[in-house]
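A short write-up of the structure that comes next.
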Amino acid sequence: MADQDVQLAPRFADGDDFELTTVVAFAAHPDDLDFGAAGTVALLTAAGVRVEYCIVTNGDAGGFDESHRPDIEQMRQDEQRAAAARVGVADVHFLGERDGYVAPTLELQQKIVALLRKVRPQLVLAHHPERNWSNIQSQHPDHLSVGEAVVRAIYPALENPFAYPELQAAGLEAYRLREMWLFGGPVERENHFVDVSSVLDLKRKALLAHLSQHPDPQRMMQYVEEKLAAVAQRGKQPEGALCESFHAVTVNGNQTIAGF
């Protein structure tokens with residue numbers, strides 16, 4: 001990445017920099033990415049990075065208005081596509097799992113591997129698979145299951161040509177992912193903070209696209225901004241910063257010895 005964009009690419013002890021051109025961001029439900037990573041995504045797309053979303057469920061158990069029930073799946077997909085567009089994301093994939101029933105199955109892992117081998121990003125964003133006990137309201141079981149499924153898919157199946165041989169036979173060849181950034185995990189895992197204050201309005205617009213989910217949008221945004229400020233303080237960021245945080249993990253760097 002260019003020097004001015006270095007905050008988006010954490011430098012690790014091996015000193016390995018990398019060219020970031022493509023990102024895939026995974027989440028359990030429509031709106032999860034907008035809470036956890038939309039500011040970072042807006043910065044990435046503004047820097048010319050291609051970002052694609054993959055939403056594992058259609059959000060069919062979400063919402064608060066009984067009148068929305070017959071159309072909730074289509075509503076939430078439409079809301080997510082609108083939210084994604086507001087932060088520069090054109091491609092949104094839905095895997096169609098039932099909301100509230102997600103498990104890190106081999107079948108789900110195969111779907112994730114197939115998408116990643118097709119798009120071939122250098123970076124993956126996803127829920128953290130570890131529970132944050134200090135904020136249990138954000139720890140939906142689907143979040144944890146999606147995080148676990150993504151991590152399992154990334155290693156070793158993604159880079160092992162003998163895993164899911166039918167994918168290899170179909171031309172979806174194994175490759176080695178550079179790194180992943182996990183959001184929503186325990187605070188002690190946070191090691192990368194991205195100041196999103198310059199794109200706060202875009203993050204706000206993305207969140208407000210999810211009209212079916214917010215009976216009190218003003219209070220929701222107040223909560224989000226308070227949380228971003230608290231994260232920045234926790235990360236010892238400059239005064240006035242509003243940050244999203246991640247557990248950034250190198251999957252394949254200069255010092256990595258690959259093995260299955």
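Following the order of the structure tokens, chains are lettered A, B, ..., residues in each are numbered from 1, and ligands are numbered from 1.
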
Could you build a table of the residues in range 151-228 of chain A lying no more than 7 Å from range 38-59 of chain A, giving for each the nearest pair of atoms and their separation in Å rounded to one decimal place, using only C-alpha atoms, ordered by chain and ascending residue number, as JSON lines?
```
{"residue": "A:Val194", "atom": "CA", "partner": "A:Thr40", "partner_atom": "CA", "distance": 6.6}
{"residue": "A:Val196", "atom": "CA", "partner": "A:Gly39", "partner_atom": "CA", "distance": 5.2}
{"residue": "A:Val199", "atom": "CA", "partner": "A:Gly39", "partner_atom": "CA", "distance": 6.0}
{"residue": "A:Leu200", "atom": "CA", "partner": "A:Gly39", "partner_atom": "CA", "distance": 6.6}
{"residue": "A:Lys203", "atom": "CA", "partner": "A:Gly39", "partner_atom": "CA", "distance": 5.3}
```

Exercise. Name the residues of range 83-224 of chain A that fall into alpha helix (DSSP H) according to DSSP on the backbone, using the chain letters and numbers of this document, as a ChimeraX atom specification.
Key: /A:83-86,106-119,141-154,165-169,200-208,217-224

Exercise. For Asn132 in chain A, work out the shell of residues within 12 Å, counting only C-alpha atoms and skipping chain neighbours fewer than 3 positions away, then give it as JSON, numbers by chain.
Key: {"A": [127, 128, 129, 135, 136, 137, 138, 139, 140, 141, 143, 144, 183, 184, 185, 186, 187, 188, 189, 190]}

Exercise. Name the residues of range 32-218 of chain A that fall into strand (DSSP E) according to DSSP on the backbone, using the chain letters and numbers of this document, as a list in words.
Key: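 Strand (DSSP E) assignments inside range 32-218 of chain A correspond to Arg50, Val51, Glu52, Tyr53, Cys54, Ile55, Val56, Thr57, Asp91, Val92, His93, Phe94, Leu95, Gly96, Glu97, Leu123, Val124, Leu125, Ala126, His127, Glu179, Met180, Trp181, Leu182, Phe183, His192, Phe193, Val194 and Asp195 of chain A.
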
Keeping N, CA, C and O atoms, export the residues of the selection given above as a CSV table (one decimal), in the first residue's frame.
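part_28.csv, written as the output of this step:
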```
chain,number,residue,atom,x,y,z
A,50,ARG,N,-10.6,-2.7,-3.7
A,50,ARG,CA,-11.9,-3.4,-4.0
A,50,ARG,C,-12.3,-4.2,-2.8
A,50,ARG,O,-11.6,-5.0,-2.3
A,51,VAL,N,-13.5,-3.9,-2.3
A,51,VAL,CA,-14.1,-4.6,-1.2
A,51,VAL,C,-15.4,-5.3,-1.6
A,51,VAL,O,-16.2,-4.7,-2.2
A,52,GLU,N,-15.5,-6.6,-1.2
A,52,GLU,CA,-16.8,-7.3,-1.4
A,52,GLU,C,-17.3,-7.8,-0.1
A,52,GLU,O,-16.5,-8.1,0.8
A,53,TYR,N,-18.6,-7.8,0.1
A,53,TYR,CA,-19.2,-8.3,1.3
A,53,TYR,C,-19.8,-9.7,1.1
A,53,TYR,O,-20.3,-10.0,0.0
A,54,CYS,N,-19.7,-10.5,2.1
A,54,CYS,CA,-20.4,-11.8,2.2
A,54,CYS,C,-21.2,-11.9,3.5
A,54,CYS,O,-20.6,-11.9,4.5
A,55,ILE,N,-22.5,-11.9,3.3
A,55,ILE,CA,-23.4,-12.0,4.5
A,55,ILE,C,-23.9,-13.4,4.6
A,55,ILE,O,-24.5,-13.9,3.6
A,56,VAL,N,-23.7,-14.1,5.7
A,56,VAL,CA,-24.0,-15.5,5.8
A,56,VAL,C,-25.4,-15.8,5.9
A,56,VAL,O,-25.9,-16.8,5.3
A,57,THR,N,-26.2,-15.0,6.6
A,57,THR,CA,-27.7,-15.1,6.6
A,57,THR,C,-28.4,-14.0,5.9
A,57,THR,O,-27.8,-13.0,5.5
A,91,ASP,N,-20.4,-5.2,-4.6
A,91,ASP,CA,-20.7,-6.7,-4.6
A,91,ASP,C,-21.0,-7.2,-3.3
A,91,ASP,O,-20.2,-7.1,-2.4
A,92,VAL,N,-22.2,-7.7,-3.1
A,92,VAL,CA,-22.7,-8.3,-1.8
A,92,VAL,C,-23.2,-9.7,-2.1
A,92,VAL,O,-24.1,-9.9,-2.8
A,93,HIS,N,-22.6,-10.6,-1.4
A,93,HIS,CA,-23.0,-12.0,-1.6
A,93,HIS,C,-23.8,-12.5,-0.3
A,93,HIS,O,-23.4,-12.1,0.8
A,94,PHE,N,-24.8,-13.2,-0.5
A,94,PHE,CA,-25.6,-13.8,0.6
A,94,PHE,C,-25.5,-15.3,0.5
A,94,PHE,O,-25.8,-15.9,-0.6
A,95,LEU,N,-25.2,-16.0,1.6
A,95,LEU,CA,-25.0,-17.4,1.6
A,95,LEU,C,-26.3,-18.1,2.0
A,95,LEU,O,-26.4,-19.3,1.9
A,96,GLY,N,-27.3,-17.4,2.5
A,96,GLY,CA,-28.7,-17.9,2.7
A,96,GLY,C,-28.9,-18.8,3.9
A,96,GLY,O,-29.9,-19.5,4.0
A,97,GLU,N,-27.9,-18.8,4.9
A,97,GLU,CA,-28.1,-19.6,6.1
A,97,GLU,C,-29.3,-19.0,7.0
A,97,GLU,O,-29.5,-17.8,6.9
A,123,LEU,N,-6.7,-9.7,2.1
A,123,LEU,CA,-7.2,-9.4,3.4
A,123,LEU,C,-8.6,-9.9,3.6
A,123,LEU,O,-9.5,-9.6,2.7
A,124,VAL,N,-9.0,-10.5,4.7
A,124,VAL,CA,-10.3,-10.8,5.0
A,124,VAL,C,-10.7,-10.2,6.3
A,124,VAL,O,-9.9,-10.1,7.3
A,125,LEU,N,-11.9,-9.6,6.4
A,125,LEU,CA,-12.5,-9.0,7.6
A,125,LEU,C,-13.6,-10.0,8.1
A,125,LEU,O,-14.3,-10.5,7.2
A,126,ALA,N,-13.7,-10.2,9.4
A,126,ALA,CA,-14.7,-11.1,9.8
A,126,ALA,C,-15.0,-10.9,11.3
A,126,ALA,O,-14.1,-10.3,12.0
A,127,HIS,N,-16.1,-11.4,11.8
A,127,HIS,CA,-16.3,-11.5,13.3
A,127,HIS,C,-15.2,-12.3,14.0
A,127,HIS,O,-14.6,-13.2,13.4
A,179,GLU,N,-3.6,-11.9,5.3
A,179,GLU,CA,-3.9,-11.6,6.7
A,179,GLU,C,-5.4,-11.5,6.8
A,179,GLU,O,-6.2,-11.3,5.9
A,180,MET,N,-5.9,-11.5,8.1
A,180,MET,CA,-7.3,-11.3,8.4
A,180,MET,C,-7.4,-10.3,9.6
A,180,MET,O,-6.5,-10.3,10.5
A,181,TRP,N,-8.4,-9.5,9.6
A,181,TRP,CA,-8.7,-8.6,10.7
A,181,TRP,C,-10.1,-9.0,11.3
A,181,TRP,O,-11.1,-9.0,10.5
A,182,LEU,N,-10.1,-9.3,12.5
A,182,LEU,CA,-11.3,-9.8,13.2
A,182,LEU,C,-11.8,-8.7,14.1
A,182,LEU,O,-11.1,-8.1,14.9
A,183,PHE,N,-13.1,-8.5,14.0
A,183,PHE,CA,-13.7,-7.4,14.8
A,183,PHE,C,-14.7,-8.0,15.8
A,183,PHE,O,-15.2,-9.1,15.7
A,192,HIS,N,-5.0,-3.4,16.5
A,192,HIS,CA,-5.0,-2.5,15.3
A,192,HIS,C,-6.2,-1.6,15.4
A,192,HIS,O,-7.3,-2.1,15.5
A,193,PHE,N,-6.0,-0.3,15.3
A,193,PHE,CA,-7.0,0.7,15.5
A,193,PHE,C,-7.0,1.6,14.2
A,193,PHE,O,-5.9,2.1,13.8
A,194,VAL,N,-8.2,1.8,13.6
A,194,VAL,CA,-8.3,2.6,12.4
A,194,VAL,C,-9.2,3.8,12.8
A,194,VAL,O,-10.3,3.7,13.2
A,195,ASP,N,-8.6,5.0,12.6
A,195,ASP,CA,-9.4,6.3,12.9
A,195,ASP,C,-10.3,6.5,11.7
A,195,ASP,O,-9.9,6.7,10.6
```

For range 81-113 of chain A versus range 155-162 of chain A, which residues have an atom no more than 12 Å away, and what is each residue's nearest atom pair and distance in Å rounded to one decimal, using only C-alpha atoms, chain-then-number order, as CSV?
```
residue,atom,partner,partner_atom,distance
A:Leu106,CA,A:Ala157,CA,10.3
A:Gln109,CA,A:Ala157,CA,8.5
A:Gln110,CA,A:Ala157,CA,8.4
A:Lys111,CA,A:Leu158,CA,10.8
A:Ile112,CA,A:Leu158,CA,8.8
A:Val113,CA,A:Leu158,CA,5.5
```

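The coordinates place CA of Pro104 in chain A at 8.3 Å from CA of Arg152 in chain A.
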
Exercise. Write out as a ChimeraX atom specification the residues lying within 12 Å of Glu225 in chain A, counting only C-alpha atoms and excluding same-chain residues fewer than 5 positions away.
Key: /A:35-36,39,196-197,200-201,203-204,207,218-220,230-232,240-244

Just to be explicit: take each residue in the selection above, keep N, CA, C and O atoms, and write the result as a compact mmCIF listing (two decimals), in the first residue's frame.
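Listed below is the output, part_0.txt:
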```txt
# COMPACT_ATOMS: atom_id res chain seq x y z
N PHE A 35 -21.89 -1.83 11.64
CA PHE A 35 -21.50 -1.54 13.02
C PHE A 35 -20.00 -1.75 13.22
O PHE A 35 -19.33 -0.92 13.83
N GLY A 36 -19.46 -2.86 12.71
CA GLY A 36 -18.11 -3.25 13.08
C GLY A 36 -16.99 -2.71 12.23
O GLY A 36 -15.86 -2.56 12.71
N GLY A 39 -16.55 2.03 8.59
CA GLY A 39 -15.62 3.15 8.46
C GLY A 39 -14.32 2.72 7.82
O GLY A 39 -13.81 3.39 6.90
N VAL A 196 -11.64 6.43 12.03
CA VAL A 196 -12.66 6.57 10.99
C VAL A 196 -13.40 7.90 11.10
O VAL A 196 -14.46 8.07 10.50
N SER A 197 -12.83 8.84 11.86
CA SER A 197 -13.53 10.12 12.06
C SER A 197 -13.76 10.85 10.75
O SER A 197 -14.78 11.53 10.59
N LEU A 200 -16.93 9.31 9.19
CA LEU A 200 -18.04 9.03 10.11
C LEU A 200 -19.38 9.21 9.43
O LEU A 200 -20.31 8.42 9.66
N ASP A 201 -19.50 10.23 8.57
CA ASP A 201 -20.79 10.47 7.91
C ASP A 201 -21.16 9.30 7.00
O ASP A 201 -22.33 8.92 6.91
N LYS A 203 -20.18 6.12 7.46
CA LYS A 203 -20.57 5.03 8.36
C LYS A 203 -21.99 5.26 8.85
O LYS A 203 -22.79 4.32 8.92
N ARG A 204 -22.31 6.49 9.20
CA ARG A 204 -23.66 6.82 9.67
C ARG A 204 -24.69 6.52 8.59
O ARG A 204 -25.73 5.92 8.86
N LEU A 207 -25.25 2.77 8.29
CA LEU A 207 -26.07 2.24 9.39
C LEU A 207 -27.54 2.63 9.23
O LEU A 207 -28.44 1.82 9.48
N GLN A 218 -31.56 7.85 16.21
CA GLN A 218 -30.73 8.85 16.88
C GLN A 218 -29.98 8.23 18.06
O GLN A 218 -28.78 8.46 18.24
N ARG A 219 -30.67 7.45 18.87
CA ARG A 219 -30.03 6.81 20.01
C ARG A 219 -29.00 5.77 19.55
O ARG A 219 -27.92 5.63 20.15
N MET A 220 -29.32 5.08 18.47
CA MET A 220 -28.38 4.11 17.92
C MET A 220 -27.08 4.78 17.52
O MET A 220 -25.98 4.32 17.86
N ALA A 230 -14.68 5.55 22.72
CA ALA A 230 -14.12 4.70 23.77
C ALA A 230 -13.05 3.77 23.22
O ALA A 230 -12.02 3.53 23.87
N VAL A 231 -13.27 3.26 22.02
CA VAL A 231 -12.27 2.39 21.39
C VAL A 231 -10.98 3.17 21.14
O VAL A 231 -9.87 2.67 21.38
N ALA A 232 -11.12 4.40 20.65
CA ALA A 232 -9.94 5.23 20.39
C ALA A 232 -9.16 5.49 21.69
O ALA A 232 -7.92 5.41 21.70
N GLY A 240 -9.66 13.23 20.01
CA GLY A 240 -10.66 13.45 18.98
C GLY A 240 -10.83 12.31 18.00
O GLY A 240 -11.73 12.34 17.16
N ALA A 241 -9.98 11.29 18.11
CA ALA A 241 -10.09 10.15 17.19
C ALA A 241 -11.35 9.33 17.49
O ALA A 241 -11.80 9.25 18.63
N LEU A 242 -11.91 8.77 16.44
CA LEU A 242 -13.02 7.82 16.54
C LEU A 242 -12.57 6.56 15.80
O LEU A 242 -12.30 6.62 14.60
N CYS A 243 -12.45 5.46 16.51
CA CYS A 243 -11.78 4.30 15.93
C CYS A 243 -12.62 3.04 15.91
O CYS A 243 -13.41 2.77 16.82
N GLU A 244 -12.41 2.27 14.85
CA GLU A 244 -12.80 0.87 14.81
C GLU A 244 -11.56 0.05 15.16
O GLU A 244 -10.44 0.45 14.83
```

Exercise. Record the distance separating CA of Gln255 in chain A and CA of Gln122 in chain A, expressed in Å with one decimal.
Key: 16.6 Å

Exercise. Find, counting only C-alpha atoms, the residue in A:His247, A:Asn252, A:Tyr164, A:Val89 that gets nearest to Glu130 in chain A.
Key: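 For Glu130 in chain A, the nearest of the candidates is A:His247.
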
Quiz item: CA of Ala169 in chain A and CA of Ala25 in chain A are how many Å apart?
Solution: 25.6 Å

Quiz prompt | Residue nearest Asp34 in chain A - candidates A:Trp133, A:Ala85, A:Phe64, A:Arg120, atoms counted: only C-alpha atoms | solution = A:Ala85
